[in-house]
>>> print(open('my_file-v5.csv').read())   # CSV, C-alpha atoms
chain,number,residue,atom,x,y,z
A,1,MET,CA,23.1,111.4,182.2
A,2,THR,CA,19.3,112.1,182.1
A,3,ALA,CA,16.8,110.1,180.1
A,4,PHE,CA,16.6,113.0,177.6
A,5,ASP,CA,20.4,113.1,177.2
A,6,ARG,CA,20.5,109.3,176.6
A,7,THR,CA,17.8,109.6,174.0
A,8,HIS,CA,19.5,112.5,172.3
A,9,THR,CA,22.8,110.6,172.2
A,10,THR,CA,21.2,107.5,170.8
A,11,ARG,CA,19.4,109.5,168.0
A,12,ARG,CA,22.7,111.3,167.2
A,13,THR,CA,24.5,108.0,167.0
A,14,LEU,CA,21.9,106.5,164.7
A,15,LEU,CA,21.9,109.6,162.5
A,16,CYS,CA,25.7,109.4,162.2
A,17,THR,CA,25.6,105.7,161.4
A,18,ALA,CA,22.9,106.3,158.8
A,19,ALA,CA,24.9,109.1,157.2
A,20,ALA,CA,28.0,106.9,157.1
A,21,ALA,CA,26.1,104.1,155.5
A,22,THR,CA,24.7,106.6,152.9
A,23,VAL,CA,28.2,107.8,152.1
A,24,LEU,CA,29.5,104.3,151.7
A,25,GLY,CA,26.5,103.4,149.6
A,26,LEU,CA,27.1,106.4,147.3
A,27,ALA,CA,30.7,105.4,147.0
A,28,ALA,CA,29.9,101.8,146.2
A,29,GLY,CA,27.2,102.7,143.8
A,30,PRO,CA,29.4,103.8,140.9
A,31,LEU,CA,31.8,100.9,141.4
A,32,ALA,CA,28.9,98.4,141.3
A,33,ALA,CA,27.6,100.1,138.2
A,34,GLN,CA,31.0,100.0,136.5
A,35,GLU,CA,31.3,96.2,137.3
A,36,ALA,CA,27.7,95.6,135.9
A,37,ALA,CA,28.5,97.5,132.7
A,38,PHE,CA,31.8,95.7,132.2
A,39,PRO,CA,33.2,95.8,129.6
A,40,ALA,CA,32.6,99.4,128.4
A,41,LYS,CA,35.8,99.9,126.5
A,42,PRO,CA,38.5,97.8,124.7
A,43,ILE,CA,40.4,95.2,126.7
A,44,ARG,CA,44.2,95.0,126.6
A,45,PHE,CA,45.5,91.4,126.4
A,46,VAL,CA,49.2,91.4,127.2
A,47,VAL,CA,51.2,88.6,125.7
A,48,PRO,CA,54.6,88.4,127.5
A,49,TYR,CA,56.4,87.0,124.5
A,50,ALA,CA,57.3,88.0,120.9
A,51,PRO,CA,54.7,87.7,118.1
A,52,GLY,CA,54.7,84.3,116.4
A,53,GLY,CA,54.9,82.1,119.5
A,54,THR,CA,52.4,79.8,121.1
A,55,THR,CA,51.1,82.4,123.5
A,56,ASP,CA,50.6,84.9,120.7
A,57,LEU,CA,48.7,82.4,118.5
A,58,VAL,CA,46.4,81.3,121.3
A,59,ALA,CA,45.8,84.8,122.6
A,60,ARG,CA,44.9,86.1,119.1
A,61,THR,CA,42.6,83.1,118.4
A,62,VAL,CA,40.8,83.2,121.8
A,63,GLY,CA,40.9,87.0,122.0
A,64,ALA,CA,39.0,87.4,118.7
A,65,HIS,CA,36.2,85.2,120.0
A,66,MET,CA,36.1,87.0,123.3
A,67,ALA,CA,35.7,90.3,121.5
A,68,GLN,CA,32.6,89.0,119.8
A,69,THR,CA,31.2,87.7,123.1
A,70,LEU,CA,32.0,90.8,125.2
A,71,GLY,CA,31.1,93.3,122.5
A,72,GLN,CA,34.5,95.2,122.8
A,73,PRO,CA,37.8,94.9,121.0
A,74,VAL,CA,40.5,92.7,122.6
A,75,ILE,CA,43.8,94.2,121.7
A,76,ILE,CA,46.9,92.0,121.8
A,77,ASP,CA,49.9,93.8,123.3
A,78,ASN,CA,53.2,91.8,122.9
A,79,ARG,CA,55.7,92.7,125.6
A,80,ALA,CA,58.6,90.3,125.4
A,81,GLY,CA,61.6,90.0,127.6
A,82,ALA,CA,63.0,88.5,130.8
A,83,GLY,CA,61.2,85.1,130.3
A,84,GLY,CA,57.8,86.8,130.3
A,85,ASN,CA,58.4,88.8,133.4
A,86,ILE,CA,58.3,92.2,131.6
A,87,GLY,CA,54.8,91.6,130.2
A,88,MET,CA,53.3,90.1,133.3
A,89,ASP,CA,54.8,92.9,135.4
A,90,ALA,CA,52.7,95.3,133.3
A,91,VAL,CA,49.6,93.3,134.1
A,92,ALA,CA,50.5,93.2,137.8
A,93,LYS,CA,50.8,97.0,137.9
A,94,ALA,CA,47.7,97.7,135.9
A,95,ALA,CA,44.4,99.0,137.4
A,96,PRO,CA,42.3,96.1,138.7
A,97,ASP,CA,39.3,96.9,136.6
A,98,GLY,CA,39.5,94.1,134.0
A,99,TYR,CA,40.7,96.2,131.1
A,100,THR,CA,44.2,94.8,131.3
A,101,VAL,CA,44.8,91.0,131.5
A,102,GLY,CA,47.8,88.9,130.7
A,103,MET,CA,48.6,85.5,129.1
A,104,GLY,CA,50.4,83.9,132.0
A,105,ALA,CA,51.9,80.4,131.9
A,106,ILE,CA,53.6,77.7,133.8
A,107,SER,CA,56.8,79.7,133.4
A,108,THR,CA,55.7,83.2,134.4
A,109,ASN,CA,53.5,82.3,137.3
A,110,ALA,CA,55.1,79.1,138.7
A,111,LEU,CA,58.7,78.6,137.6
A,112,ASN,CA,60.3,82.1,137.1
A,113,PRO,CA,60.1,83.1,140.8
A,114,HIS,CA,62.4,80.2,141.7
A,115,ILE,CA,65.1,80.9,139.0
A,116,TYR,CA,65.3,84.7,138.7
A,117,LYS,CA,67.3,86.4,141.4
A,118,LYS,CA,65.1,89.5,141.1
A,119,MET,CA,61.4,89.3,140.3
A,120,PRO,CA,59.3,92.5,139.7
A,121,PHE,CA,56.2,90.7,141.0
A,122,ASP,CA,55.1,88.0,143.3
A,123,PRO,CA,52.7,85.6,141.4
A,124,ARG,CA,51.1,84.5,144.7
A,125,LYS,CA,50.1,88.1,145.6
A,126,ASP,CA,50.0,90.3,142.6
A,127,PHE,CA,47.5,88.5,140.3
A,128,THR,CA,43.9,87.4,140.2
A,129,ALA,CA,43.4,84.1,138.4
A,130,VAL,CA,40.9,84.5,135.6
A,131,GLY,CA,40.9,81.2,133.7
A,132,LEU,CA,42.8,78.3,132.2
A,133,LEU,CA,43.3,78.1,128.4
A,134,GLY,CA,44.9,74.7,128.0
A,135,ASN,CA,48.2,72.9,127.5
A,136,SER,CA,50.8,73.1,124.8
A,137,THR,CA,53.1,70.5,123.5
A,138,ILE,CA,56.9,71.0,123.5
A,139,VAL,CA,58.8,69.5,120.6
A,140,LEU,CA,62.5,68.5,120.5
A,141,GLU,CA,63.5,69.4,117.0
A,142,ALA,CA,66.7,69.6,114.9
A,143,GLY,CA,67.7,72.0,112.2
A,144,PRO,CA,68.8,70.9,108.7
A,145,ALA,CA,72.5,71.2,109.6
A,146,LEU,CA,72.5,68.5,112.3
A,147,PRO,CA,72.7,65.0,110.8
A,148,VAL,CA,70.3,63.1,113.2
A,149,LYS,CA,67.0,61.6,112.5
A,150,ASN,CA,65.8,60.5,115.9
A,151,VAL,CA,66.5,60.7,119.7
A,152,ALA,CA,68.9,57.7,119.7
A,153,GLU,CA,71.1,59.3,117.0
A,154,LEU,CA,70.9,62.6,118.9
A,155,LEU,CA,72.1,60.9,122.1
A,156,ALA,CA,74.9,59.3,120.3
A,157,HIS,CA,75.9,62.6,118.8
A,158,LEU,CA,75.8,64.3,122.2
A,159,ARG,CA,78.0,61.8,123.8
A,160,LYS,CA,80.6,62.4,121.1
A,161,ASN,CA,80.1,66.1,121.1
A,162,PRO,CA,79.4,67.4,124.7
A,163,GLY,CA,78.4,71.0,125.2
A,164,LEU,CA,76.0,71.1,122.2
A,165,PRO,CA,73.9,74.3,122.2
A,166,TYR,CA,70.1,74.0,122.4
A,167,ALA,CA,67.7,76.9,121.9
A,168,THR,CA,64.5,77.8,123.7
A,169,ALA,CA,62.1,80.7,123.5
A,170,GLY,CA,63.7,82.2,126.7
A,171,ALA,CA,65.3,81.5,130.0
A,172,GLY,CA,62.8,80.3,132.6
A,173,THR,CA,60.3,79.1,130.1
A,174,SER,CA,58.8,75.6,130.1
A,175,MET,CA,61.1,74.9,127.1
A,176,HIS,CA,64.1,75.7,129.3
A,177,LEU,CA,62.7,73.4,131.9
A,178,ALA,CA,62.3,70.7,129.3
A,179,GLY,CA,65.9,71.1,128.2
A,180,VAL,CA,67.2,70.9,131.8
A,181,LEU,CA,65.2,67.7,132.5
A,182,PHE,CA,66.4,66.2,129.2
A,183,ALA,CA,70.0,66.8,130.0
A,184,GLN,CA,69.5,65.4,133.5
A,185,THR,CA,67.6,62.3,132.4
A,186,SER,CA,69.9,61.5,129.5
A,187,LYS,CA,73.0,62.4,131.4
A,188,THR,CA,74.3,64.5,128.6
A,189,ASP,CA,75.9,67.9,128.5
A,190,LEU,CA,73.9,70.7,126.8
A,191,VAL,CA,74.4,74.5,126.7
A,192,HIS,CA,71.2,76.6,126.9
A,193,VAL,CA,70.8,79.4,124.3
A,194,PRO,CA,67.8,81.5,125.3
A,195,TYR,CA,66.0,83.6,122.6
A,196,LYS,CA,63.3,86.3,123.0
A,197,GLY,CA,60.4,84.2,121.7
A,198,SER,CA,59.9,81.3,119.2
A,199,ALA,CA,60.1,83.4,116.0
A,200,PRO,CA,63.8,84.3,116.2
A,201,LEU,CA,64.6,80.9,117.5
A,202,ILE,CA,63.1,79.2,114.5
A,203,THR,CA,64.9,81.5,112.1
A,204,ASP,CA,68.3,80.6,113.6
A,205,LEU,CA,67.4,76.9,113.8
A,206,ILE,CA,66.5,76.8,110.1
A,207,GLY,CA,69.6,78.9,109.3
A,208,GLY,CA,72.0,76.6,111.2
A,209,GLN,CA,73.0,79.0,113.9
A,210,VAL,CA,71.8,76.5,116.5
A,211,PRO,CA,71.5,72.7,116.0
A,212,ILE,CA,68.6,71.7,118.2
A,213,ALA,CA,65.7,73.4,120.1
A,214,PHE,CA,63.0,72.7,122.5
A,215,ASP,CA,60.0,74.8,121.3
A,216,ASN,CA,56.3,75.0,121.8
A,217,LEU,CA,54.8,73.0,118.9
A,218,PRO,CA,52.2,75.6,117.7
A,219,ALA,CA,55.1,77.9,116.6
A,220,SER,CA,57.3,75.2,115.0
A,221,LEU,CA,54.6,73.0,113.5
A,222,PRO,CA,54.3,74.8,110.1
A,223,HIS,CA,58.1,74.5,109.6
A,224,ILE,CA,58.1,70.9,110.6
A,225,GLN,CA,55.3,70.2,108.2
A,226,ALA,CA,57.2,72.1,105.4
A,227,GLY,CA,60.2,69.9,106.0
A,228,LYS,CA,62.4,72.8,107.2
A,229,LEU,CA,62.7,71.4,110.7
A,230,ARG,CA,62.9,67.7,111.9
A,231,ALA,CA,60.7,66.7,114.9
A,232,LEU,CA,62.6,64.2,117.0
A,233,ALA,CA,60.2,63.7,119.9
A,234,VAL,CA,57.5,65.5,121.9
A,235,ALA,CA,57.9,66.2,125.6
A,236,GLY,CA,54.4,65.4,126.8
A,237,ALA,CA,53.1,62.2,128.3
A,238,GLN,CA,51.2,61.4,125.1
A,239,ARG,CA,51.9,61.9,121.4
A,240,SER,CA,50.5,65.0,119.8
A,241,PRO,CA,47.5,64.6,117.5
A,242,ALA,CA,49.2,67.1,115.2
A,243,LEU,CA,52.3,64.8,114.9
A,244,PRO,CA,51.0,61.3,115.5
A,245,ASP,CA,54.1,59.6,114.1
A,246,VAL,CA,56.5,61.5,116.4
A,247,PRO,CA,57.2,59.6,119.6
A,248,THR,CA,57.2,61.0,123.1
A,249,LEU,CA,60.6,61.2,124.8
A,250,ALA,CA,59.5,58.5,127.2
A,251,GLU,CA,58.9,56.2,124.1
A,252,ALA,CA,62.2,57.3,122.7
A,253,GLY,CA,64.2,55.9,125.6
A,254,LEU,CA,63.8,58.4,128.5
A,255,PRO,CA,61.2,56.7,130.9
A,256,ASP,CA,59.0,58.9,133.0
A,257,TYR,CA,60.0,62.0,131.1
A,258,ALA,CA,57.1,64.4,130.7
A,259,VAL,CA,56.8,68.2,130.6
A,260,GLU,CA,53.4,69.7,129.7
A,261,PRO,CA,53.2,73.5,129.9
A,262,TRP,CA,49.9,75.1,130.7
A,263,PHE,CA,48.6,78.6,129.9
A,264,GLY,CA,46.0,80.9,131.3
A,265,VAL,CA,44.7,84.4,131.8
A,266,TYR,CA,45.4,86.6,134.9
A,267,GLY,CA,44.4,90.0,135.9
A,268,PRO,CA,45.9,92.3,138.5
A,269,ALA,CA,45.4,91.6,142.2
A,270,GLY,CA,42.1,93.0,143.5
A,271,LEU,CA,40.2,92.3,140.3
A,272,PRO,CA,36.4,92.2,141.3
A,273,ALA,CA,35.0,88.7,141.4
A,274,SER,CA,32.2,89.6,139.1
A,275,VAL,CA,34.6,90.9,136.4
A,276,ALA,CA,36.8,87.8,136.8
A,277,GLN,CA,33.7,85.6,136.3
A,278,ARG,CA,32.6,87.6,133.3
A,279,LEU,CA,36.1,87.1,131.7
A,280,ASN,CA,36.2,83.5,132.7
A,281,LYS,CA,32.9,82.8,130.9
A,282,ALA,CA,34.1,84.6,127.8
A,283,LEU,CA,37.2,82.4,127.8
A,284,ALA,CA,35.2,79.2,128.3
A,285,ASP,CA,32.8,80.2,125.5
A,286,ALA,CA,35.7,80.7,123.2
A,287,LEU,CA,37.3,77.3,124.0
A,288,ALA,CA,34.0,75.6,123.5
A,289,ASP,CA,33.5,77.0,120.0
A,290,PRO,CA,34.3,74.2,117.5
A,291,ALA,CA,36.1,76.6,115.1
A,292,VAL,CA,38.4,77.9,117.9
A,293,LYS,CA,38.9,74.4,119.3
A,294,ASP,CA,39.8,72.9,115.9
A,295,LYS,CA,42.2,75.7,115.1
A,296,LEU,CA,44.1,75.3,118.4
A,297,LEU,CA,44.2,71.5,118.1
A,298,ALA,CA,45.5,71.7,114.6
A,299,ALA,CA,48.3,74.0,115.9
A,300,GLY,CA,49.3,71.5,118.6
A,301,PHE,CA,47.6,73.3,121.5
A,302,THR,CA,45.0,71.4,123.6
A,303,PRO,CA,42.3,73.8,124.9
A,304,ARG,CA,41.0,73.2,128.4
A,305,SER,CA,38.9,75.5,130.5
A,306,ALA,CA,38.6,75.7,134.3
A,307,SER,CA,36.7,77.8,136.9
A,308,VAL,CA,38.4,80.8,138.5
A,309,ALA,CA,38.8,78.8,141.8
A,310,ASP,CA,40.3,75.7,140.1
A,311,PHE,CA,42.7,77.7,138.0
A,312,ASP,CA,43.9,79.6,141.1
A,313,ALA,CA,44.4,76.3,142.9
A,314,LEU,CA,46.4,74.9,139.9
A,315,THR,CA,48.7,77.9,139.9
A,316,LYS,CA,49.4,77.5,143.6
A,317,ARG,CA,50.1,73.8,143.3
A,318,GLU,CA,52.5,74.3,140.3
A,319,TYR,CA,54.3,77.1,142.1
A,320,GLU,CA,55.2,74.7,144.9
A,321,ARG,CA,56.0,71.7,142.6
A,322,LEU,CA,58.2,73.6,140.3
A,323,GLY,CA,60.1,75.3,143.1
A,324,LYS,CA,61.3,71.9,144.1
A,325,VAL,CA,62.3,71.0,140.5
A,326,ALA,CA,64.1,74.2,139.9
A,327,HIS,CA,66.1,74.1,143.2
A,328,SER,CA,67.0,70.4,142.6
A,329,ALA,CA,68.3,71.2,139.1
A,330,GLN,CA,69.9,74.5,140.2
A,331,MET,CA,68.1,76.4,137.4
A,332,SER,CA,68.8,80.1,137.1
A,333,ALA,CA,68.1,83.0,134.8
A,334,ASP,CA,69.3,86.5,134.6
>>> encode(input="my_file-v5.csv", output="structure tokens")
Amino acid sequence: MTAFDRTHTTRRTLLCTAAAATVLGLAAGPLAAQEAAFPAKPIRFVVPYAPGGTTDLVARTVGAHMAQTLGQPVIIDNRAGAGGNIGMDAVAKAAPDGYTVGMGAISTNALNPHIYKKMPFDPRKDFTAVGLLGNSTIVLEAGPALPVKNVAELLAHLRKNPGLPYATAGAGTSMHLAGVLFAQTSKTDLVHVPYKGSAPLITDLIGGQVPIAFDNLPASLPHIQAGKLRALAVAGAQRSPALPDVPTLAEAGLPDYAVEPWFGVYGPAGLPASVAQRLNKALADALADPAVKDKLLAAGFTPRSASVADFDALTKREYERLGKVAHSAQMSAD
């Protein structure tokens, strides 16, 4: 090869490289512009449970504030079923552009994969963590048809009446986990009756179709305050500010018992980091607003924000921890 040929080849290579870079730059340009302009249209916020439950209440309260911050409507889309799997599957399969996010939880993103035989998604691969919202309180409650006033009386009743049904807002939920651990810890025999959300559960509990339930406090609190349901204990490590006179299950005679469900927001896998950060900030701003914070606290929900990285790490830790719990307890759901 002559010096002329080498020079010509080098120039041709440089021109091809420059052309390729230009094409990549042109392709990346619109994507970068779209991310910078986010959000330019309404955001769909999928709640994987029926209206009236904890996730619905929190999503609507936080979503309304996010809409003000982001300048676009945040539309709540309730998609109940399969312990939250149906709704979160819709999020996993959505375009990773930030316009579809979901209200994930300890159940959907940490527990369900260990108890459902078939999962439509893998929470370790199919989501982008966006931000933590906080923790809910689970309450053990009795309907008016069951003549017990506290946990001691309930335990005595269970020992005389094994196989008592207990209701939850769905198989694989944190309430289901709370019921399993209660039966294990108290060495009693209970039969799980899963519902599709808290609203139908509460209706049947008040109506006497089921005697007791483990439910997220925000959904049940108004009915407890109205005297339609009787709170026997809360499942967390501490008493709830919304029910200061109701003991924890540990205080009521089950040492070391504690179940504290967390909730957060996820987008589909591949969500651009800039979009995730924009949504995370909107979430944090909402949780820091005194009006939002007070409303959630009054409903029995404890708001708590976290960075994208910290929430992602929490999800991964909980996935591993609850896998061990579920396998030990032989939990399953259809």
>>> atom_distance(input="my_file-v5.csv", atom1="CA of Ala226 in chain A", atom2="CA of Ala199 in chain A")
15.8 Å
>>> closest_residue(input="my_file-v5.csv", among="A:Val130, A:Ala282, A:Met331, A:Leu314", to="Leu111 in chain A", atoms="all atoms listed in the file")
A:Met331
>>> closest_residue(input="my_file-v5.csv", among="A:Val308, A:Leu155, A:Leu279, A:Ala273", to="Val74 in chain A", atoms="only C-alpha atoms")
A:Leu279
>>> closest_residue(input="my_file-v5.csv", among="A:Pro162, A:Gly227, A:Gly134, A:Pro244", to="Thr188 in chain A", atoms="all atoms listed in the file")
A:Pro162
>>> residues_around(input="my_file-v5.csv", residues="Ala291 in chain A", least_positions_apart="3", cutoff="12 Å", atoms="all atoms listed in the file", output="list in words")
Thr61, Val62, Ala64, His65, Asp285, Ala286, Leu287, Ala288, Asp294, Lys295, Leu296, Leu297, Ala298 and Pro303 of chain A
>>> atom_distance(input="my_file-v5.csv", atom1="CA of Gly98 in chain A", atom2="CA of Ala313 in chain A")
20.5 Å
>>> atom_distance(input="my_file-v5.csv", atom1="CA of Gly163 in chain A", atom2="CA of Leu190 in chain A")
4.8 Å
>>> residues_around(input="my_file-v5.csv", residues="Val191 in chain A", least_positions_apart="3", cutoff="7 Å", atoms="only C-alpha atoms", output="ChimeraX atom specification")
/A:163-166
>>> write_last_selection(input="my_file-v5.csv", atoms="C-alpha atoms", output="mmCIF file, keeping the file's coordinate frame")
data_model
loop_
_atom_site.group_PDB
_atom_site.id
_atom_site.type_symbol
_atom_site.label_atom_id
_atom_site.label_comp_id
_atom_site.auth_asym_id
_atom_site.auth_seq_id
_atom_site.Cartn_x
_atom_site.Cartn_y
_atom_site.Cartn_z
ATOM 1 C CA GLY A 163 78.400 71.000 125.200
ATOM 2 C CA LEU A 164 76.000 71.100 122.200
ATOM 3 C CA PRO A 165 73.900 74.300 122.200
ATOM 4 C CA TYR A 166 70.100 74.000 122.400
#
>>> closest_residue(input="my_file-v5.csv", among="A:Ile76, A:Thr185, A:Ala142, A:Val47", to="Val210 in chain A", atoms="all atoms listed in the file")
A:Ala142
>>> closest_residue(input="my_file-v5.csv", among="A:Gly267, A:Gly172, A:Pro73, A:Pro147", to="Lys41 in chain A", atoms="all atoms listed in the file")
A:Pro73
>>> residues_around(input="my_file-v5.csv", residues="Pro268 in chain A", least_positions_apart="5", cutoff="10 Å", atoms="all atoms listed in the file", output="list in words")
Met88, Asp89, Ala90, Val91, Ala92, Lys93, Ala94, Ala95, Pro96, Asp97, Gly98, Tyr99, Thr100, Val101, Gly102, Pro123, Lys125, Asp126, Phe127, Thr128, Ala129 and Val130 of chain A
>>> write_last_selection(input="my_file-v5.csv", atoms="C-alpha atoms", output="PDB file, in the coordinates of the input")
ATOM      1  CA  MET A  88      53.300  90.100 133.300  1.00  0.00           C
ATOM      2  CA  ASP A  89      54.800  92.900 135.400  1.00  0.00           C
ATOM      3  CA  ALA A  90      52.700  95.300 133.300  1.00  0.00           C
ATOM      4  CA  VAL A  91      49.600  93.300 134.100  1.00  0.00           C
ATOM      5  CA  ALA A  92      50.500  93.200 137.800  1.00  0.00           C
ATOM      6  CA  LYS A  93      50.800  97.000 137.900  1.00  0.00           C
ATOM      7  CA  ALA A  94      47.700  97.700 135.900  1.00  0.00           C
ATOM      8  CA  ALA A  95      44.400  99.000 137.400  1.00  0.00           C
ATOM      9  CA  PRO A  96      42.300  96.100 138.700  1.00  0.00           C
ATOM     10  CA  ASP A  97      39.300  96.900 136.600  1.00  0.00           C
ATOM     11  CA  GLY A  98      39.500  94.100 134.000  1.00  0.00           C
ATOM     12  CA  TYR A  99      40.700  96.200 131.100  1.00  0.00           C
ATOM     13  CA  THR A 100      44.200  94.800 131.300  1.00  0.00           C
ATOM     14  CA  VAL A 101      44.800  91.000 131.500  1.00  0.00           C
ATOM     15  CA  GLY A 102      47.800  88.900 130.700  1.00  0.00           C
ATOM     16  CA  PRO A 123      52.700  85.600 141.400  1.00  0.00           C
ATOM     17  CA  LYS A 125      50.100  88.100 145.600  1.00  0.00           C
ATOM     18  CA  ASP A 126      50.000  90.300 142.600  1.00  0.00           C
ATOM     19  CA  PHE A 127      47.500  88.500 140.300  1.00  0.00           C
ATOM     20  CA  THR A 128      43.900  87.400 140.200  1.00  0.00           C
ATOM     21  CA  ALA A 129      43.400  84.100 138.400  1.00  0.00           C
ATOM     22  CA  VAL A 130      40.900  84.500 135.600  1.00  0.00           C
TER      23      VAL A 130
END
>>> closest_residue(input="my_file-v5.csv", among="A:Ala110, A:Ala169, A:Leu158, A:Met175", to="Pro51 in chain A", atoms="all atoms listed in the file")
A:Ala169
>>> residues_near_point(input="my_file-v5.csv", point="(70.5, 75.5, 127.2)", cutoff="10 Å", atoms="all atoms listed in the file", output="list of chain:residue names")
A:Gly163, A:Leu164, A:Pro165, A:Tyr166, A:Ala167, A:Thr168, A:Gly170, A:Ala171, A:Met175, A:His176, A:Leu177, A:Ala178, A:Gly179, A:Val180, A:Ala183, A:Asp189, A:Leu190, A:Val191, A:His192, A:Val193, A:Pro194, A:Ile212, A:Ala213, A:Phe214
>>> residues_around(input="my_file-v5.csv", residues="Ala258 in chain A", least_positions_apart="4", cutoff="7 Å", atoms="all atoms listed in the file", output="number ranges by chain")
A: 235-237
>>> residues_around(input="my_file-v5.csv", residues="Phe263 in chain A", least_positions_apart="5", cutoff="8 Å", atoms="only C-alpha atoms", output="JSON, numbers by chain")
{"A": [55, 103, 104, 105, 106, 132, 133, 134, 135, 136]}
>>> write_last_selection(input="my_file-v5.csv", atoms="C-alpha atoms", output="short mmCIF file (atom, residue, chain, number, x, y, z; two decimals), in the coordinates of the input")
data_model
loop_
_atom_site.label_atom_id
_atom_site.label_comp_id
_atom_site.auth_asym_id
_atom_site.auth_seq_id
_atom_site.Cartn_x
_atom_site.Cartn_y
_atom_site.Cartn_z
CA THR A 55 51.10 82.40 123.50
CA MET A 103 48.60 85.50 129.10
CA GLY A 104 50.40 83.90 132.00
CA ALA A 105 51.90 80.40 131.90
CA ILE A 106 53.60 77.70 133.80
CA LEU A 132 42.80 78.30 132.20
CA LEU A 133 43.30 78.10 128.40
CA GLY A 134 44.90 74.70 128.00
CA ASN A 135 48.20 72.90 127.50
CA SER A 136 50.80 73.10 124.80
#
